[in-house]
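What's in protein-v2.cif: mmCIF, C-alpha atoms and all ligand atoms
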```cif
data_target
loop_
_atom_site.group_PDB
_atom_site.id
_atom_site.type_symbol
_atom_site.label_atom_id
_atom_site.label_comp_id
_atom_site.auth_asym_id
_atom_site.auth_seq_id
_atom_site.Cartn_x
_atom_site.Cartn_y
_atom_site.Cartn_z
ATOM 1 C CA MET P 1 2.453 16.284 -2.732
ATOM 2 C CA GLU P 2 4.341 13.485 -4.537
ATOM 3 C CA THR P 3 6.104 15.931 -6.866
ATOM 4 C CA ARG P 4 7.031 18.109 -3.918
ATOM 5 C CA ILE P 5 8.560 15.115 -2.120
ATOM 6 C CA LEU P 6 10.752 14.377 -5.139
ATOM 7 C CA GLU P 7 11.721 18.053 -5.413
ATOM 8 C CA LEU P 8 12.652 18.351 -1.739
ATOM 9 C CA PHE P 9 14.477 15.042 -1.358
ATOM 10 C CA PRO P 10 16.838 14.351 -4.284
ATOM 11 C CA TRP P 11 17.808 10.946 -2.892
ATOM 12 C CA ILE P 12 14.257 9.696 -3.489
ATOM 13 C CA ASP P 13 13.812 8.455 -7.067
ATOM 14 C CA VAL P 14 10.277 7.039 -7.019
ATOM 15 C CA VAL P 15 7.093 7.641 -5.032
ATOM 16 C CA VAL P 16 4.266 5.115 -5.152
ATOM 17 C CA ARG P 17 0.887 6.756 -4.835
ATOM 18 C CA GLY P 18 -2.053 4.883 -3.347
ATOM 19 C CA GLU P 19 -2.249 1.155 -2.829
ATOM 20 C CA ALA P 20 1.045 -0.529 -3.627
ATOM 21 C CA GLU P 21 0.160 -4.227 -3.801
ATOM 22 C CA ALA P 22 -0.214 -4.192 -7.594
ATOM 23 C CA THR P 23 2.215 -1.357 -8.295
ATOM 24 C CA LEU P 24 5.221 -2.551 -6.319
ATOM 25 C CA PRO P 25 5.895 -5.793 -8.256
ATOM 26 C CA LEU P 26 5.686 -3.886 -11.541
ATOM 27 C CA LEU P 27 7.996 -1.198 -10.170
ATOM 28 C CA LEU P 28 10.570 -3.729 -8.978
ATOM 29 C CA GLY P 29 10.514 -5.355 -12.414
ATOM 30 C CA ALA P 30 11.035 -1.998 -14.135
ATOM 31 C CA LEU P 31 13.790 -0.641 -11.894
ATOM 32 C CA PRO P 32 16.818 -2.438 -13.397
ATOM 33 C CA ASP P 33 16.731 -0.538 -16.681
ATOM 34 C CA GLY P 34 14.503 2.393 -15.738
ATOM 35 C CA GLU P 35 13.132 2.530 -19.268
ATOM 36 C CA ARG P 36 9.891 0.821 -18.342
ATOM 37 C CA LEU P 37 9.025 3.093 -15.423
ATOM 38 C CA ALA P 38 6.661 5.006 -17.709
ATOM 39 C CA GLN P 39 4.578 1.837 -17.984
ATOM 40 C CA VAL P 40 4.154 1.351 -14.230
ATOM 41 C CA PRO P 41 0.850 2.841 -13.102
ATOM 42 C CA GLY P 42 0.636 4.762 -9.844
ATOM 43 C CA ILE P 43 4.114 6.254 -9.565
ATOM 44 C CA PHE P 44 5.948 9.557 -9.692
ATOM 45 C CA TYR P 45 9.615 9.223 -10.687
ATOM 46 C CA ARG P 46 12.693 11.230 -11.499
ATOM 47 C CA LEU P 47 14.326 11.072 -14.923
ATOM 48 C CA PRO P 48 18.137 11.235 -15.299
ATOM 49 C CA ASP P 49 17.862 14.912 -16.281
ATOM 50 C CA GLY P 50 16.122 15.635 -12.964
ATOM 51 C CA SER P 51 12.651 16.197 -14.371
ATOM 52 C CA ILE P 52 9.729 14.476 -12.676
ATOM 53 C CA ARG P 53 7.122 12.335 -14.406
ATOM 54 C CA GLN P 54 3.788 10.933 -13.278
ATOM 55 C CA THR P 55 2.288 7.768 -14.736
ATOM 56 C CA ALA P 56 -1.378 6.865 -15.071
ATOM 57 C CA GLU P 57 -3.350 6.288 -11.890
ATOM 58 C CA ALA P 58 -3.191 2.742 -10.555
ATOM 59 C CA ARG P 59 -6.495 0.932 -10.405
ATOM 60 C CA ARG P 60 -8.001 0.800 -6.950
ATOM 61 C CA ILE P 61 -8.178 -2.639 -5.393
ATOM 62 C CA THR P 62 -11.869 -3.346 -5.050
ATOM 63 C CA ASN P 63 -11.785 -6.852 -3.588
ATOM 64 C CA LEU P 64 -9.519 -6.850 -0.544
ATOM 65 C CA ASP P 65 -10.132 -10.566 -0.057
ATOM 66 C CA ARG P 66 -7.895 -11.221 -3.070
ATOM 67 C CA LEU P 67 -4.889 -9.810 -1.213
ATOM 68 C CA PRO P 68 -2.746 -12.315 0.665
ATOM 69 C CA LEU P 69 -2.762 -12.351 4.436
ATOM 70 C CA PRO P 70 0.228 -10.888 6.273
ATOM 71 C CA ALA P 71 3.150 -13.318 6.664
ATOM 72 C CA TYR P 72 2.772 -13.660 10.421
ATOM 73 C CA HIS P 73 4.892 -16.822 10.340
ATOM 74 C CA ARG P 74 7.908 -14.648 9.482
ATOM 75 C CA LEU P 75 7.504 -12.537 12.605
ATOM 76 C CA ASP P 76 8.202 -13.323 16.224
ATOM 77 C CA MET P 77 4.632 -12.726 17.284
ATOM 78 C CA ALA P 78 5.522 -13.595 20.887
ATOM 79 C CA ALA P 79 7.355 -10.272 21.007
ATOM 80 C CA TYR P 80 4.078 -8.414 20.657
ATOM 81 C CA ASP P 81 1.360 -8.001 23.241
ATOM 82 C CA ALA P 82 -1.185 -7.253 20.534
ATOM 83 C CA PHE P 83 -1.471 -6.881 16.792
ATOM 84 C CA GLY P 84 -3.899 -5.094 14.533
ATOM 85 C CA ILE P 85 -5.963 -6.379 11.669
ATOM 86 C CA VAL P 86 -6.857 -4.029 8.843
ATOM 87 C CA SER P 87 -10.344 -5.124 7.928
ATOM 88 C CA SER P 88 -11.168 -2.361 5.444
ATOM 89 C CA ARG P 89 -9.807 0.547 3.443
ATOM 90 C CA GLY P 90 -11.333 3.870 2.601
ATOM 91 C CA CYS P 91 -14.146 5.736 4.263
ATOM 92 C CA PRO P 92 -17.665 6.684 3.229
ATOM 93 C CA TYR P 93 -17.053 10.302 4.269
ATOM 94 C CA GLY P 94 -14.942 13.022 2.721
ATOM 95 C CA CYS P 95 -13.375 15.204 5.419
ATOM 96 C CA ARG P 96 -11.115 17.720 3.669
ATOM 97 C CA PHE P 97 -8.204 17.397 6.087
ATOM 98 C CA CYS P 98 -8.021 13.600 5.894
ATOM 99 C CA SER P 99 -5.597 11.441 3.909
ATOM 100 C CA VAL P 100 -8.031 8.523 3.952
ATOM 101 C CA ALA P 101 -10.808 10.403 2.153
ATOM 102 C CA PRO P 102 -9.120 10.298 -1.300
ATOM 103 C CA SER P 103 -8.808 6.529 -1.072
ATOM 104 C CA GLY P 104 -12.491 6.294 -1.843
ATOM 105 C CA ILE P 105 -15.474 4.549 -0.423
ATOM 106 C CA GLU P 106 -15.079 2.011 2.299
ATOM 107 C CA ARG P 107 -14.011 -1.400 1.030
ATOM 108 C CA PRO P 108 -14.234 -4.083 3.698
ATOM 109 C CA ARG P 109 -12.674 -7.503 3.791
ATOM 110 C CA THR P 110 -15.226 -10.203 4.374
ATOM 111 C CA ALA P 111 -15.640 -11.476 7.908
ATOM 112 C CA ALA P 112 -14.186 -14.836 6.827
ATOM 113 C CA THR P 113 -10.841 -13.423 5.659
ATOM 114 C CA THR P 114 -10.641 -11.040 8.603
ATOM 115 C CA ALA P 115 -11.142 -13.964 10.985
ATOM 116 C CA SER P 116 -8.609 -16.012 9.032
ATOM 117 C CA SER P 117 -6.080 -13.206 9.411
ATOM 118 C CA ARG P 118 -6.689 -13.125 13.143
ATOM 119 C CA ARG P 119 -6.306 -16.911 13.476
ATOM 120 C CA SER P 120 -3.135 -16.806 11.405
ATOM 121 C CA GLY P 121 -1.600 -14.189 13.671
ATOM 122 C CA CYS P 122 -2.728 -15.906 16.861
ATOM 123 C CA SER P 123 -1.415 -19.303 15.819
ATOM 124 C CA THR P 124 2.139 -18.008 15.833
ATOM 125 C CA ARG P 125 1.893 -16.608 19.370
ATOM 126 C CA ARG P 126 3.314 -18.430 22.342
ATOM 127 C CA THR P 127 0.731 -19.392 24.893
ATOM 128 C CA GLY P 128 1.217 -19.790 28.626
HETATM 129 S S1 LIG I 201 -11.478 11.910 9.094
HETATM 130 FE FE1 LIG I 201 -11.072 10.602 7.322
HETATM 131 S S2 LIG I 201 -11.463 8.519 8.063
HETATM 132 FE FE2 LIG I 201 -12.409 9.942 9.512
HETATM 133 S S3 LIG I 201 -14.551 10.173 8.804
HETATM 134 FE FE3 LIG I 201 -13.334 11.825 7.839
HETATM 135 S S4 LIG I 201 -12.721 11.004 5.839
HETATM 136 FE FE4 LIG I 201 -13.353 9.274 7.116
#
```
Whole structure given in structure tokens:
Amino acid sequence: METRILELFPWIDVVVRGEAEATLPLLLGALPDGERLAQVPGIFYRLPDGSIRQTAEARRITNLDRLPLPAYHRLDMAAYDAFGIVSSRGCPYGCRFCSVAPSGIERPRTAATTASSRRSGCSTRRTG
């Protein structure tokens, strides 16, 4: 799929596959010269000659509690009637048609960090 995207859309230079929290900072650091793209795990990218390369798979994030909470303070939360909290990734099942299935077994955040995320989002909402 990633190779096909790069083939069909020549204005796209890089596709990040899977979870991007670890990959994106490495990608941004490698973009200025392009030479280090081969060292960024979890991407498909286009070389100057138009050929497409894939790097090694990025490691799956196993402990979601290590990820920072969303920056709710940067959003006008009063503009929203509701907001969602992603409390887990993956799924224990493997339905063939599903894009979640390849992301592996279910990995939940702990109740403490999920509640913290909710409080963080709520604290920026206007009341009354
Ligand atoms: S459709 Fe996807 S998310 Fe739903 S049970 Fe199947 S694999 Fe899991």
| request: Would you mind listing the residues within 10 Å of ligand LIG 201 (chain I), counting all atoms listed in the file, as a list in words? | output: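 After applying the 10 Å limit, what remains is Arg89, Gly90, Cys91, Pro92, Tyr93, Gly94, Cys95, Arg96, Phe97, Cys98, Ser99, Val100, Ala101, Pro102, Ser103, Gly104, Ile105 and Glu106 of chain P.
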| field | Closest of P:Ile5, P:Leu47, P:Leu64, P:Ala56 to P:Glu21 - atom-to-atom distances counting all atoms listed in the file | value |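 Among P:Ile5, P:Leu47, P:Leu64, P:Ala56, it is P:Leu64 that comes nearest to P:Glu21.
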| Quick one: distance from atom CA of P:Glu19 to atom CA of P:Ala58 in Å, one decimal? |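 Going from atom CA of P:Glu19 over to atom CA of P:Ala58, I get 7.9 Å.
Atom CA of P:Leu24 to atom CA of P:Ala78 spans 29.4 Å [interatomic distance, one decimal].
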| said: Quick check on the file I pasted: which residues fall under the PyMOL selection byres (((chain P and resi 36-46) around 6) and not hetatm)? Write them as a VMD selection string. | reply: chain P and resid 13 to 17 30 34 to 35 47 50 to 58
| task | Tell me which of P:Ile12, P:Leu6, P:Leu28, P:Ala112 sits closest to P:Asp65, counting all atoms listed in the file. | result |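 Ranked by minimum distance to P:Asp65, first place goes to P:Ala112.
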| query | So how far away is atom CA of P:Thr3 from atom CA of P:Val86, in Å? | reply |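 Value for the atom CA of P:Val86-atom CA of P:Thr3 distance: 28.5 Å.
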| query | So which residues fall inside 12 Å of (-9.4, -7.3, -6.0) if we count only C-alpha atoms? Mind giving them as a PyMOL selection string? | reply | chain P and resi 19+21-22+59-68+107-109
Limited to C-alpha atoms, could you put the picked residues into a file as a compact mmCIF listing (two decimals), keeping the file's coordinate frame?
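Heads up, here's the output in out.txt:
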```txt
# COMPACT_ATOMS: atom_id res chain seq x y z
CA GLU P 19 -2.25 1.16 -2.83
CA GLU P 21 0.16 -4.23 -3.80
CA ALA P 22 -0.21 -4.19 -7.59
CA ARG P 59 -6.50 0.93 -10.40
CA ARG P 60 -8.00 0.80 -6.95
CA ILE P 61 -8.18 -2.64 -5.39
CA THR P 62 -11.87 -3.35 -5.05
CA ASN P 63 -11.78 -6.85 -3.59
CA LEU P 64 -9.52 -6.85 -0.54
CA ASP P 65 -10.13 -10.57 -0.06
CA ARG P 66 -7.90 -11.22 -3.07
CA LEU P 67 -4.89 -9.81 -1.21
CA PRO P 68 -2.75 -12.32 0.66
CA ARG P 107 -14.01 -1.40 1.03
CA PRO P 108 -14.23 -4.08 3.70
CA ARG P 109 -12.67 -7.50 3.79
```
| said: Taking all atoms listed in the file into account, name the residue in P:Asp76, P:Asp81, P:Asp49, P:Glu2 that is nearest to P:Gly18. | reply: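 With all atoms listed in the file as the atom set, the closest residue is P:Glu2.
Closest approach to P:Ala115 among P:Ala82, P:Ala20, P:Phe9, P:Leu69 is made by P:Leu69 (distances from all atoms listed in the file).
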How big is the axis-aligned box, and where does its centre sit, when it encloses all atoms of stretch 11-24 of chain P listed in the file and has 3 Å added on every side, reported in Å to one decimal as JSON?
```
{"center_x": 7.8, "center_y": 3.4, "center_z": -5.6, "size_x": 26.1, "size_y": 21.2, "size_z": 11.5}
```
